[in-house]
file protein_14.txt (compact mmCIF, C-alpha atoms and all ligand atoms)
# COMPACT_ATOMS: atom_id res chain seq x y z
CA MET A 1 16.81 6.63 23.84
CA THR A 2 14.65 3.51 24.02
CA GLN A 3 12.10 4.87 21.51
CA LYS A 4 14.79 5.61 18.92
CA MET A 5 16.04 2.04 18.67
CA LYS A 6 15.16 0.36 15.36
CA PHE A 7 15.26 -3.39 14.94
CA ILE A 8 14.90 -5.85 12.10
CA PRO A 9 12.48 -8.63 13.13
CA ILE A 10 14.05 -12.06 13.53
CA ASN A 11 12.03 -13.53 10.65
CA GLU A 12 13.73 -11.04 8.34
CA TRP A 13 17.27 -12.03 9.28
CA GLY A 14 17.48 -14.44 6.38
CA TYR A 15 17.10 -17.71 8.30
CA GLY A 16 13.45 -18.38 7.57
CA ASP A 17 10.33 -16.34 8.05
CA GLN A 18 7.83 -18.64 9.70
CA ARG A 19 6.38 -18.06 13.15
CA PRO A 20 7.60 -19.12 15.65
CA PHE A 21 11.29 -18.79 14.77
CA VAL A 22 12.87 -21.91 16.29
CA ILE A 23 16.41 -22.29 17.59
CA SER A 24 17.50 -25.67 18.88
CA GLY A 25 20.55 -27.77 19.59
CA PRO A 26 22.56 -29.03 22.49
CA CYS A 27 23.38 -27.03 25.59
CA GLY A 28 27.01 -27.65 24.74
CA ALA A 29 28.96 -29.01 21.75
CA GLU A 30 30.61 -32.06 23.32
CA THR A 31 32.03 -34.10 20.45
CA GLU A 32 31.91 -33.64 16.72
CA GLU A 33 29.76 -36.79 16.41
CA GLN A 34 27.24 -35.65 19.03
CA LEU A 35 26.94 -32.24 17.39
CA LEU A 36 26.63 -33.60 13.87
CA LYS A 37 24.12 -36.29 14.81
CA THR A 38 21.95 -33.81 16.74
CA ALA A 39 22.13 -31.30 13.89
CA GLN A 40 21.27 -33.93 11.28
CA GLU A 41 18.20 -34.99 13.21
CA ILE A 42 17.21 -31.37 13.83
CA SER A 43 17.71 -30.36 10.21
CA SER A 44 14.97 -32.79 9.20
CA ILE A 45 12.49 -30.75 11.28
CA SER A 46 11.36 -28.03 8.93
CA ALA A 47 10.21 -25.77 11.78
CA VAL A 48 13.80 -25.30 13.04
CA ASN A 49 15.62 -22.21 11.76
CA LEU A 50 18.90 -22.14 13.62
CA LEU A 51 21.20 -24.59 15.39
CA ARG A 52 22.45 -23.60 18.83
CA ALA A 53 25.42 -25.09 20.69
CA GLY A 54 27.43 -23.69 23.58
CA VAL A 55 31.16 -23.64 22.92
CA TRP A 56 32.17 -21.75 26.07
CA LYS A 57 29.89 -22.76 28.94
CA PRO A 58 29.54 -20.39 31.91
CA ARG A 59 29.15 -22.85 34.79
CA THR A 60 28.21 -22.02 38.35
CA ARG A 61 30.98 -24.16 39.87
CA PRO A 62 34.43 -24.91 38.46
CA GLY A 63 35.65 -28.39 37.69
CA VAL A 64 32.76 -29.43 35.45
CA PHE A 65 32.39 -29.42 31.66
CA GLU A 66 33.07 -25.84 30.58
CA GLY A 67 32.78 -26.29 26.83
CA ILE A 68 35.29 -27.36 24.19
CA GLY A 69 36.19 -23.84 23.09
CA LYS A 70 37.65 -22.87 19.72
CA GLU A 71 37.87 -26.41 18.34
CA ALA A 72 34.10 -26.81 18.59
CA LEU A 73 33.66 -23.78 16.35
CA LYS A 74 35.24 -25.81 13.55
CA TRP A 75 32.76 -28.62 14.24
CA LEU A 76 29.94 -26.11 13.93
CA GLN A 77 31.34 -24.91 10.62
CA ASN A 78 31.51 -28.49 9.31
CA THR A 79 28.06 -29.25 10.66
CA ARG A 80 26.65 -26.28 8.79
CA GLU A 81 28.30 -27.54 5.60
CA GLU A 82 26.90 -31.04 6.11
CA THR A 83 23.38 -30.10 7.14
CA GLY A 84 22.85 -26.61 5.75
CA LEU A 85 21.76 -25.43 9.20
CA PRO A 86 23.03 -21.97 10.16
CA PHE A 87 24.26 -21.75 13.75
CA CYS A 88 24.50 -19.48 16.76
CA VAL A 89 26.90 -19.53 19.72
CA GLU A 90 27.16 -17.79 23.07
CA VAL A 91 29.93 -15.21 23.41
CA ALA A 92 31.03 -13.85 26.76
CA LYS A 93 34.35 -12.15 25.99
CA PRO A 94 35.66 -10.06 23.08
CA SER A 95 38.08 -12.92 22.24
CA HIS A 96 35.05 -15.22 21.83
CA VAL A 97 33.50 -12.70 19.44
CA GLU A 98 36.66 -12.62 17.37
CA MET A 99 36.90 -16.42 17.14
CA ALA A 100 33.17 -16.80 16.43
CA LEU A 101 33.33 -14.23 13.63
CA GLN A 102 36.38 -15.93 12.10
CA VAL A 103 34.33 -19.08 11.43
CA GLY A 104 31.40 -17.06 10.09
CA THR A 105 29.00 -17.71 12.96
CA ASP A 106 25.55 -16.72 11.72
CA VAL A 107 24.14 -15.34 14.96
CA LEU A 108 25.69 -14.59 18.37
CA TRP A 109 23.99 -14.67 21.73
CA ILE A 110 24.82 -13.09 25.04
CA GLY A 111 24.16 -15.31 28.05
CA ALA A 112 22.32 -14.41 31.23
CA ARG A 113 25.50 -14.40 33.28
CA THR A 114 27.03 -11.88 30.90
CA SER A 115 24.12 -9.52 30.34
CA VAL A 116 24.26 -8.67 34.06
CA ASN A 117 27.61 -6.97 33.56
CA PRO A 118 27.51 -3.58 31.79
CA PHE A 119 31.33 -3.41 31.45
CA LEU A 120 31.45 -6.76 29.69
CA VAL A 121 28.40 -5.99 27.57
CA GLN A 122 30.02 -2.75 26.45
CA GLU A 123 33.26 -4.57 25.57
CA LEU A 124 31.28 -7.09 23.53
CA ALA A 125 29.32 -4.35 21.79
CA ASP A 126 32.59 -2.53 20.99
CA ALA A 127 34.01 -5.76 19.54
CA LEU A 128 31.05 -5.80 17.14
CA LYS A 129 31.35 -2.22 15.89
CA GLY A 130 30.91 -2.16 12.12
CA VAL A 131 30.07 -5.89 11.96
CA ASP A 132 26.67 -6.86 10.62
CA VAL A 133 26.01 -9.96 12.71
CA PRO A 134 22.71 -10.53 14.52
CA VAL A 135 22.82 -10.63 18.32
CA MET A 136 20.35 -12.20 20.73
CA ILE A 137 20.48 -10.94 24.30
CA LYS A 138 19.30 -13.11 27.15
CA ASN A 139 17.74 -11.47 30.16
CA PRO A 140 20.19 -10.93 33.03
CA VAL A 141 19.94 -13.56 35.80
CA ASN A 142 18.43 -11.03 38.18
CA PRO A 143 14.96 -9.62 37.49
CA ASP A 144 16.11 -6.16 36.44
CA LEU A 145 14.37 -4.92 33.30
CA ASP A 146 16.51 -1.79 32.98
CA LEU A 147 19.67 -3.88 33.01
CA TRP A 148 18.27 -6.00 30.16
CA ILE A 149 17.23 -2.89 28.22
CA GLY A 150 20.65 -1.35 28.95
CA ALA A 151 22.38 -4.33 27.34
CA ILE A 152 20.11 -4.04 24.30
CA GLU A 153 20.89 -0.32 24.07
CA ARG A 154 24.64 -0.94 24.20
CA PHE A 155 24.42 -3.20 21.12
CA SER A 156 21.91 -0.95 19.39
CA ASN A 157 24.23 2.03 19.90
CA THR A 158 26.92 0.31 17.83
CA GLY A 159 24.52 0.33 14.88
CA ILE A 160 23.39 -3.32 15.02
CA LYS A 161 19.76 -3.62 13.91
CA LYS A 162 19.35 -7.38 14.05
CA ILE A 163 18.84 -7.69 17.79
CA ALA A 164 16.45 -10.03 19.58
CA ALA A 165 15.76 -10.54 23.28
CA ILE A 166 15.71 -14.02 24.83
CA HIS A 167 13.64 -14.58 27.94
CA ARG A 168 15.22 -17.43 29.95
CA GLY A 169 13.77 -16.66 33.38
CA PHE A 170 15.29 -15.21 36.54
CA SER A 171 17.20 -16.65 39.49
CA SER A 172 15.47 -16.54 42.80
CA TYR A 173 16.35 -17.71 46.25
CA GLU A 174 12.85 -18.91 47.00
CA ASN A 175 11.81 -22.50 46.40
CA SER A 176 10.24 -22.72 43.00
CA SER A 177 9.18 -25.41 40.61
CA TYR A 178 11.07 -23.53 37.90
CA ARG A 179 14.83 -23.53 37.47
CA ASN A 180 14.50 -19.82 36.67
CA LYS A 181 11.25 -18.09 37.49
CA PRO A 182 9.59 -16.68 34.37
CA ASN A 183 8.33 -13.39 35.88
CA TRP A 184 6.29 -12.90 32.71
CA GLU A 185 5.57 -9.28 33.60
CA ILE A 186 9.21 -8.39 32.84
CA PRO A 187 9.31 -9.53 29.19
CA ILE A 188 5.79 -8.13 28.72
CA GLU A 189 7.02 -4.75 29.95
CA LEU A 190 10.12 -5.10 27.73
CA LYS A 191 7.82 -5.49 24.70
CA ARG A 192 5.82 -2.46 25.81
CA ARG A 193 8.94 -0.34 26.12
CA ILE A 194 10.65 -1.68 22.99
CA PRO A 195 7.76 -2.75 20.72
CA GLY A 196 9.97 -3.45 17.70
CA ILE A 197 12.22 -6.05 19.31
CA SER A 198 11.73 -9.75 18.56
CA LEU A 199 11.18 -11.78 21.70
CA ILE A 200 12.28 -15.40 22.02
CA CYS A 201 11.32 -17.68 24.89
CA ASP A 202 13.89 -20.15 26.23
CA PRO A 203 11.65 -22.64 28.05
CA SER A 204 14.61 -24.99 28.69
CA HIS A 205 16.31 -22.61 31.11
CA ILE A 206 13.00 -21.50 32.63
CA CYS A 207 11.90 -25.08 33.36
CA GLY A 208 15.18 -26.87 34.10
CA SER A 209 13.30 -30.10 33.31
CA THR A 210 11.49 -31.51 30.30
CA ALA A 211 7.91 -32.06 31.52
CA PRO A 212 6.73 -28.41 31.49
CA LEU A 213 8.51 -27.46 28.23
CA SER A 214 5.41 -27.76 26.04
CA TYR A 215 3.26 -25.79 28.42
CA ILE A 216 5.77 -22.93 28.75
CA SER A 217 6.38 -22.88 24.98
CA GLN A 218 2.65 -22.63 24.30
CA PHE A 219 2.23 -20.02 27.02
CA SER A 220 4.89 -17.82 25.41
CA LEU A 221 3.28 -18.15 21.97
CA ASP A 222 -0.05 -17.16 23.49
CA LEU A 223 1.72 -14.03 24.73
CA ASN A 224 2.74 -13.36 21.14
CA TYR A 225 6.43 -14.26 21.42
CA ASP A 226 8.25 -14.43 18.10
CA GLY A 227 10.31 -17.54 18.70
CA LEU A 228 11.59 -20.35 20.88
CA MET A 229 15.06 -21.53 21.89
CA ILE A 230 14.86 -25.13 23.09
CA GLU A 231 17.82 -27.31 24.03
CA SER A 232 18.01 -30.70 22.33
CA HIS A 233 20.52 -33.54 22.43
CA THR A 234 20.62 -36.96 20.78
CA ASN A 235 21.08 -38.58 24.18
CA PRO A 236 20.00 -36.12 26.91
CA SER A 237 20.75 -38.40 29.85
CA ALA A 238 24.41 -38.57 28.76
CA ALA A 239 24.72 -34.81 28.21
CA LEU A 240 27.74 -33.19 29.86
CA SER A 241 25.66 -30.18 30.93
CA ALA A 242 21.97 -29.46 31.51
CA SER A 243 21.06 -33.14 31.05
CA LYS A 244 17.72 -32.75 32.88
CA GLN A 245 16.32 -30.08 30.59
CA GLN A 246 17.31 -31.34 27.13
CA ILE A 247 14.98 -33.28 24.86
CA THR A 248 15.73 -35.45 21.84
CA PRO A 249 15.19 -34.02 18.36
CA TYR A 250 12.26 -36.46 18.04
CA GLN A 251 10.65 -35.04 21.20
CA LEU A 252 11.34 -31.58 19.85
CA SER A 253 9.51 -32.32 16.62
CA LYS A 254 6.51 -33.62 18.61
CA LEU A 255 6.53 -30.54 20.84
CA LEU A 256 6.63 -28.22 17.83
CA ASP A 257 3.88 -30.18 16.04
CA ASN A 258 1.57 -29.78 19.01
CA LEU A 259 1.97 -26.03 19.36
CA ILE A 260 -1.11 -24.01 18.57
CA LEU A 261 -0.44 -20.83 16.70
CA ARG A 262 -3.13 -18.29 17.42
CA ASP A 263 -3.89 -15.39 15.12
CA LEU A 264 -2.11 -12.12 15.85
CA GLU A 265 -5.27 -10.22 15.05
CA VAL A 266 -8.90 -11.13 14.96
CA LYS A 267 -10.25 -11.31 11.41
CA ASP A 268 -13.70 -12.89 11.87
CA VAL A 269 -16.26 -10.11 12.48
CA ILE A 270 -18.39 -12.18 14.83
CA VAL A 271 -15.37 -13.09 16.97
CA LEU A 272 -14.26 -9.47 16.80
CA SER A 273 -17.60 -8.07 17.93
CA LYS A 274 -17.79 -10.55 20.83
CA LEU A 275 -14.24 -9.59 21.80
CA GLU A 276 -15.10 -5.91 21.63
CA ASP A 277 -18.12 -6.51 23.82
CA LEU A 278 -15.92 -8.19 26.45
CA ARG A 279 -13.35 -5.39 26.16
CA ASP A 280 -16.11 -2.83 26.76
CA GLN A 281 -16.98 -4.67 29.93
CA ILE A 282 -13.34 -4.58 31.00
CA ASP A 283 -13.20 -0.82 30.30
CA GLU A 284 -16.25 -0.24 32.49
CA ILE A 285 -14.92 -2.43 35.29
CA ASP A 286 -11.55 -0.63 35.16
CA ASP A 287 -13.42 2.63 35.49
CA GLU A 288 -15.13 1.30 38.61
CA ILE A 289 -11.80 0.02 39.99
CA ILE A 290 -10.23 3.48 39.64
CA LYS A 291 -13.25 5.20 41.21
CA THR A 292 -13.26 2.71 44.09
CA LEU A 293 -9.52 3.09 44.64
CA ALA A 294 -9.88 6.87 44.64
CA LEU A 295 -12.65 6.58 47.24
CA ARG A 296 -10.48 4.29 49.33
CA MET A 297 -7.59 6.77 49.23
CA ASP A 298 -9.97 9.56 50.16
CA VAL A 299 -10.89 7.66 53.31
CA ALA A 300 -7.19 6.94 53.92
CA ARG A 301 -6.50 10.68 53.88
CA ARG A 302 -9.34 11.22 56.36
CA ILE A 303 -7.84 8.56 58.59
CA GLY A 304 -4.49 10.37 58.27
CA ASP A 305 -6.18 13.55 59.48
CA TYR A 306 -7.84 11.81 62.34
CA LYS A 307 -4.67 10.02 63.44
CA LYS A 308 -2.80 13.31 63.37
CA GLN A 309 -5.41 14.99 65.57
CA ASN A 310 -5.26 12.11 68.02
CA ASN A 311 -1.49 11.66 67.83
CA VAL A 312 -1.54 8.03 66.61
CA THR A 313 1.12 6.44 64.38
CA ILE A 314 0.24 5.80 60.75
CA LEU A 315 1.38 2.19 60.55
CA GLN A 316 -0.73 -0.11 62.67
CA PRO A 317 0.77 -3.60 62.09
CA GLU A 318 -2.17 -5.56 63.54
CA ARG A 319 -4.65 -3.71 61.33
CA TRP A 320 -2.50 -4.38 58.24
CA GLU A 321 -2.22 -8.06 59.19
CA GLU A 322 -5.99 -8.26 59.54
CA ILE A 323 -6.63 -6.51 56.19
CA LEU A 324 -4.28 -8.88 54.40
CA LYS A 325 -5.82 -11.94 56.01
CA THR A 326 -9.47 -11.05 55.49
CA ARG A 327 -9.03 -9.72 51.93
CA THR A 328 -7.05 -12.79 50.87
CA LYS A 329 -9.67 -15.10 52.36
CA ASN A 330 -12.47 -13.20 50.66
CA GLY A 331 -10.67 -12.95 47.31
CA VAL A 332 -9.69 -16.61 47.20
CA THR A 333 -13.33 -17.63 47.46
CA GLN A 334 -13.94 -15.49 44.35
CA ARG A 335 -11.29 -17.20 42.18
CA LEU A 336 -8.55 -14.65 42.76
CA THR A 337 -5.14 -16.16 43.55
CA LYS A 338 -3.43 -15.73 46.90
CA GLY A 339 -0.23 -14.34 45.37
CA PHE A 340 -2.14 -11.77 43.34
CA LEU A 341 -4.17 -10.63 46.37
CA SER A 342 -1.09 -10.30 48.51
CA ARG A 343 0.75 -8.25 45.83
CA LEU A 344 -2.36 -6.13 45.18
CA TYR A 345 -2.95 -5.38 48.85
CA SER A 346 0.73 -4.62 49.48
CA LEU A 347 0.47 -1.95 46.78
CA ILE A 348 -2.84 -0.57 48.07
CA HIS A 349 -1.55 -0.49 51.63
CA GLU A 350 1.69 1.18 50.60
CA GLU A 351 -0.27 3.88 48.76
CA SER A 352 -2.65 4.34 51.72
CA ILE A 353 0.31 4.93 54.00
CA HIS A 354 1.81 7.32 51.48
CA GLN A 355 -1.46 9.28 51.30
CA GLN A 356 -1.75 9.38 55.09
CA THR A 357 1.83 10.60 55.41
CA LEU A 358 1.16 13.34 52.86
CA THR A 359 -1.90 14.42 54.84
CA MET A 360 0.06 14.52 58.08
CA ASN A 361 2.95 16.43 56.54
CA LYS A 362 0.60 18.85 54.83
CA GLN A 363 -0.96 19.63 58.16
CA ALA A 364 2.47 20.01 59.68
CA SER A 365 3.63 22.40 56.96
CA GLU A 366 0.34 24.35 57.10
CA LEU A 367 0.71 24.60 60.85
CA LYS A 368 4.29 25.76 60.44
CA ASN A 369 3.22 28.40 57.94
CA SER A 370 0.45 29.66 60.17
CA GLU A 371 2.76 29.96 63.15
C1 LIG B 1 22.68 -21.72 27.62
O1 LIG B 1 21.95 -21.21 26.77
O2 LIG B 1 23.10 -22.87 27.57
C2 LIG B 1 23.03 -20.92 28.82
C3 LIG B 1 24.19 -21.01 29.43
O3 LIG B 1 22.00 -20.16 29.17
P1 LIG B 1 21.82 -18.96 30.21
O4 LIG B 1 22.76 -17.88 29.79
O5 LIG B 1 20.39 -18.64 29.98
O6 LIG B 1 22.09 -19.51 31.58
MN MN B 2 22.24 -24.70 28.76
call {"tool": "encode", "arguments": {"input": "protein_14.txt", "output": "structure tokens"}}
result
Amino acid sequence: MTQKMKFIPINEWGYGDQRPFVISGPCGAETEEQLLKTAQEISSISAVNLLRAGVWKPRTRPGVFEGIGKEALKWLQNTREETGLPFCVEVAKPSHVEMALQVGTDVLWIGARTSVNPFLVQELADALKGVDVPVMIKNPVNPDLDLWIGAIERFSNTGIKKIAAIHRGFSSYENSSYRNKPNWEIPIELKRRIPGISLICDPSHICGSTAPLSYISQFSLDLNYDGLMIESHTNPSAALSASKQQITPYQLSKLLDNLILRDLEVKDVIVLSKLEDLRDQIDEIDDEIIKTLALRMDVARRIGDYKKQNNVTILQPERWEEILKTRTKNGVTQRLTKGFLSRLYSLIHEESIHQQTLTMNKQASELKNSE
């Protein structure tokens, strides 16, 4: 199913073809003046392709600004006429889709609180059957790649080819300096599984503040993302929602000016040969890693055997604790990060236990057969 999906890249949607594709505008449309002023300032930045503005705002708690609704769609229409900037809005219900289409919204997006819900996503996809409007799908709030892919499939199944994915980070209960943790491995895996899809980074919702926006934007471009969605407001501190993460259009233009766009492929032969040399080294090291891991698992199976003969349990918590502690200490002195070492050793340990269990069960079944 996933392999069959065909997408038109975002820079072929008719809203500009430069890289990165930039979407910007306020978190929410608050007043016609605020929207128009922001859009006017943004429209003078040539790098911006699309204006964004939330009309229906999914808020965590009730009783706060929840968007203007239908009336703001008219403001967006007028703003487009005044500035020439095409616009996108978030839709979360089929009635939103209907209203957004009535005013000729250029692009729709599905928010992170909606893409978690397959029923709702299906209803939205059904509401778009036979309509040729591009859709951008934010990752669901929880770090579940299949759920994100499922949402993309639901829209793709209706025949829509202009689909992009927006990475806005993932909720987590742990303390984090991010508002939504990026978990970069998830969008990277999304690109591996759906190579043709355009990937947009939303640093505003990842950061939740303005200071790291440039860094995260650059990081995503270095990972070969196709575009950026960055919230901007003429007066961020007075914004009715997400005031901490919005920047002024002037700050936006500075941020975009400072981005470094690296080549997608290496053209210079000298650079290429140096790169190939380094890649050869990586290939050899990976070979060694696999051989070493195989050796380690071999020993694990022997331990399994030995434990079985001596009637000892497989999991020895103190031993595991000691492995984790000593390997982390050793690795950290060699410029490996603590988090990486702990994830790596959890995987290795899990596999060791698995191999030992297989050995024990094999013996048990062999014993049973020989009885
Ligand atoms: C937004 O884009 O303003 C928004 C509500 O984002 P998210 O769905 O990523 O929370
Ligand atoms: Mn927002």
call {"tool": "axis_aligned_box", "arguments": {"input": "protein_14.txt", "around": "ligand LIG 1 (chain B)", "padding_each_side": "6 Å", "output": "JSON"}}
result
{"center_x": 22.3, "center_y": -20.4, "center_z": 29.2, "size_x": 15.8, "size_y": 17.0, "size_z": 16.8}
call {"tool": "closest_residue", "arguments": {"input": "protein_14.txt", "among": "A:Asn235, A:Asn175, A:Thr105, A:Ser342", "to": "Arg80 in chain A", "atoms": "all atoms listed in the file"}}
result
A:Thr105
call {"tool": "residues_near_ligand", "arguments": {"input": "protein_14.txt", "ligand": "ligand LIG 1 (chain B)", "cutoff": "10 Å", "atoms": "all atoms listed in the file", "output": "JSON, numbers by chain"}}
result
{"A": [25, 26, 27, 28, 52, 53, 54, 55, 56, 57, 58, 59, 60, 89, 90, 91, 92, 109, 110, 111, 112, 113, 114, 115, 137, 138, 139, 140, 141, 166, 167, 168, 169, 170, 171, 180, 202, 203, 204, 205, 206, 229, 230, 231, 241, 242]}
call {"tool": "residues_near_point", "arguments": {"input": "protein_14.txt", "point": "(-7.8, 5.8, 46.6)", "cutoff": "12 Å", "atoms": "all atoms listed in the file", "output": "list in words"}}
result
Glu288, Ile289, Ile290, Lys291, Thr292, Leu293, Ala294, Leu295, Arg296, Met297, Asp298, Val299, Ala300, Arg301, Arg302, Leu347, Ile348, His349, Glu350, Glu351, Ser352, Ile353, His354, Gln355 and Gln356 of chain A
call {"tool": "residues_near_point", "arguments": {"input": "protein_14.txt", "point": "(32.3, -4.3, 18.5)", "cutoff": "12 Å", "atoms": "all atoms listed in the file", "output": "ChimeraX atom specification"}}
result
/A:93-98,101,120-133,135,154-160
call {"tool": "write_last_selection", "arguments": {"input": "protein_14.txt", "atoms": "C-alpha atoms", "output": "PDB file, keeping the file's coordinate frame"}}
result
ATOM      1  CA  LYS A  93      34.350 -12.150  25.990  1.00  0.00           C
ATOM      2  CA  PRO A  94      35.660 -10.060  23.080  1.00  0.00           C
ATOM      3  CA  SER A  95      38.080 -12.920  22.240  1.00  0.00           C
ATOM      4  CA  HIS A  96      35.050 -15.220  21.830  1.00  0.00           C
ATOM      5  CA  VAL A  97      33.500 -12.700  19.440  1.00  0.00           C
ATOM      6  CA  GLU A  98      36.660 -12.620  17.370  1.00  0.00           C
ATOM      7  CA  LEU A 101      33.330 -14.230  13.630  1.00  0.00           C
ATOM      8  CA  LEU A 120      31.450  -6.760  29.690  1.00  0.00           C
ATOM      9  CA  VAL A 121      28.400  -5.990  27.570  1.00  0.00           C
ATOM     10  CA  GLN A 122      30.020  -2.750  26.450  1.00  0.00           C
ATOM     11  CA  GLU A 123      33.260  -4.570  25.570  1.00  0.00           C
ATOM     12  CA  LEU A 124      31.280  -7.090  23.530  1.00  0.00           C
ATOM     13  CA  ALA A 125      29.320  -4.350  21.790  1.00  0.00           C
ATOM     14  CA  ASP A 126      32.590  -2.530  20.990  1.00  0.00           C
ATOM     15  CA  ALA A 127      34.010  -5.760  19.540  1.00  0.00           C
ATOM     16  CA  LEU A 128      31.050  -5.800  17.140  1.00  0.00           C
ATOM     17  CA  LYS A 129      31.350  -2.220  15.890  1.00  0.00           C
ATOM     18  CA  GLY A 130      30.910  -2.160  12.120  1.00  0.00           C
ATOM     19  CA  VAL A 131      30.070  -5.890  11.960  1.00  0.00           C
ATOM     20  CA  ASP A 132      26.670  -6.860  10.620  1.00  0.00           C
ATOM     21  CA  VAL A 133      26.010  -9.960  12.710  1.00  0.00           C
ATOM     22  CA  VAL A 135      22.820 -10.630  18.320  1.00  0.00           C
ATOM     23  CA  ARG A 154      24.640  -0.940  24.200  1.00  0.00           C
ATOM     24  CA  PHE A 155      24.420  -3.200  21.120  1.00  0.00           C
ATOM     25  CA  SER A 156      21.910  -0.950  19.390  1.00  0.00           C
ATOM     26  CA  ASN A 157      24.230   2.030  19.900  1.00  0.00           C
ATOM     27  CA  THR A 158      26.920   0.310  17.830  1.00  0.00           C
ATOM     28  CA  GLY A 159      24.520   0.330  14.880  1.00  0.00           C
ATOM     29  CA  ILE A 160      23.390  -3.320  15.020  1.00  0.00           C
TER      30      ILE A 160
END
call {"tool": "closest_residue", "arguments": {"input": "protein_14.txt", "among": "A:Arg279, A:Lys307, A:Arg179, A:Lys70", "to": "ligand MN 2 (chain B)", "atoms": "only C-alpha atoms and all ligand atoms"}}
result
A:Arg179
call {"tool": "residues_around", "arguments": {"input": "protein_14.txt", "residues": "Tyr178 in chain A", "least_positions_apart": "2", "cutoff": "8 Å", "atoms": "only C-alpha atoms", "output": "VMD selection string"}}
result
chain A and resid 176 180 to 182 206 to 208
call {"tool": "write_last_selection", "arguments": {"input": "protein_14.txt", "atoms": "C-alpha atoms", "output": "compact mmCIF listing (two decimals), in the coordinates of the input"}}
result
# COMPACT_ATOMS: atom_id res chain seq x y z
CA SER A 176 10.24 -22.72 43.00
CA ASN A 180 14.50 -19.82 36.67
CA LYS A 181 11.25 -18.09 37.49
CA PRO A 182 9.59 -16.68 34.37
CA ILE A 206 13.00 -21.50 32.63
CA CYS A 207 11.90 -25.08 33.36
CA GLY A 208 15.18 -26.87 34.10
call {"tool": "build_atoms", "arguments": {"input": "protein_14.txt", "residues": "range 35-46 of chain A", "atoms": "N, CA, C and O atoms", "output": "PDB file, keeping the file's coordinate frame"}}
result
ATOM      1  N   LEU A  35      27.451 -33.470  18.004  1.00  0.00           N
ATOM      2  CA  LEU A  35      26.940 -32.240  17.390  1.00  0.00           C
ATOM      3  C   LEU A  35      26.340 -32.542  16.015  1.00  0.00           C
ATOM      4  O   LEU A  35      25.217 -32.125  15.714  1.00  0.00           O
ATOM      5  N   LEU A  36      27.088 -33.308  15.218  1.00  0.00           N
ATOM      6  CA  LEU A  36      26.630 -33.600  13.870  1.00  0.00           C
ATOM      7  C   LEU A  36      25.334 -34.420  13.878  1.00  0.00           C
ATOM      8  O   LEU A  36      24.389 -34.120  13.155  1.00  0.00           O
ATOM      9  N   LYS A  37      25.306 -35.428  14.762  1.00  0.00           N
ATOM     10  CA  LYS A  37      24.120 -36.290  14.810  1.00  0.00           C
ATOM     11  C   LYS A  37      22.888 -35.461  15.238  1.00  0.00           C
ATOM     12  O   LYS A  37      21.819 -35.562  14.628  1.00  0.00           O
ATOM     13  N   THR A  38      23.067 -34.643  16.277  1.00  0.00           N
ATOM     14  CA  THR A  38      21.950 -33.810  16.740  1.00  0.00           C
ATOM     15  C   THR A  38      21.487 -32.890  15.608  1.00  0.00           C
ATOM     16  O   THR A  38      20.294 -32.771  15.323  1.00  0.00           O
ATOM     17  N   ALA A  39      22.470 -32.250  14.958  1.00  0.00           N
ATOM     18  CA  ALA A  39      22.130 -31.300  13.890  1.00  0.00           C
ATOM     19  C   ALA A  39      21.444 -31.995  12.723  1.00  0.00           C
ATOM     20  O   ALA A  39      20.499 -31.458  12.137  1.00  0.00           O
ATOM     21  N   GLN A  40      21.913 -33.212  12.394  1.00  0.00           N
ATOM     22  CA  GLN A  40      21.270 -33.930  11.280  1.00  0.00           C
ATOM     23  C   GLN A  40      19.809 -34.219  11.595  1.00  0.00           C
ATOM     24  O   GLN A  40      18.924 -34.030  10.762  1.00  0.00           O
ATOM     25  N   GLU A  41      19.587 -34.680  12.828  1.00  0.00           N
ATOM     26  CA  GLU A  41      18.200 -34.990  13.210  1.00  0.00           C
ATOM     27  C   GLU A  41      17.348 -33.718  13.232  1.00  0.00           C
ATOM     28  O   GLU A  41      16.205 -33.717  12.803  1.00  0.00           O
ATOM     29  N   ILE A  42      17.955 -32.640  13.742  1.00  0.00           N
ATOM     30  CA  ILE A  42      17.210 -31.370  13.830  1.00  0.00           C
ATOM     31  C   ILE A  42      16.919 -30.807  12.441  1.00  0.00           C
ATOM     32  O   ILE A  42      15.858 -30.242  12.189  1.00  0.00           O
ATOM     33  N   SER A  43      17.882 -30.975  11.538  1.00  0.00           N
ATOM     34  CA  SER A  43      17.710 -30.360  10.210  1.00  0.00           C
ATOM     35  C   SER A  43      16.560 -31.000   9.436  1.00  0.00           C
ATOM     36  O   SER A  43      16.065 -30.427   8.471  1.00  0.00           O
ATOM     37  N   SER A  44      16.114 -32.191   9.902  1.00  0.00           N
ATOM     38  CA  SER A  44      14.970 -32.790   9.200  1.00  0.00           C
ATOM     39  C   SER A  44      13.645 -32.217   9.728  1.00  0.00           C
ATOM     40  O   SER A  44      12.579 -32.526   9.214  1.00  0.00           O
ATOM     41  N   ILE A  45      13.724 -31.393  10.766  1.00  0.00           N
ATOM     42  CA  ILE A  45      12.490 -30.750  11.280  1.00  0.00           C
ATOM     43  C   ILE A  45      12.377 -29.393  10.593  1.00  0.00           C
ATOM     44  O   ILE A  45      13.193 -28.500  10.854  1.00  0.00           O
ATOM     45  N   SER A  46      11.386 -29.253   9.739  1.00  0.00           N
ATOM     46  CA  SER A  46      11.360 -28.030   8.930  1.00  0.00           C
ATOM     47  C   SER A  46      11.110 -26.768   9.760  1.00  0.00           C
ATOM     48  O   SER A  46      11.448 -25.667   9.357  1.00  0.00           O
TER      49      SER A  46
END
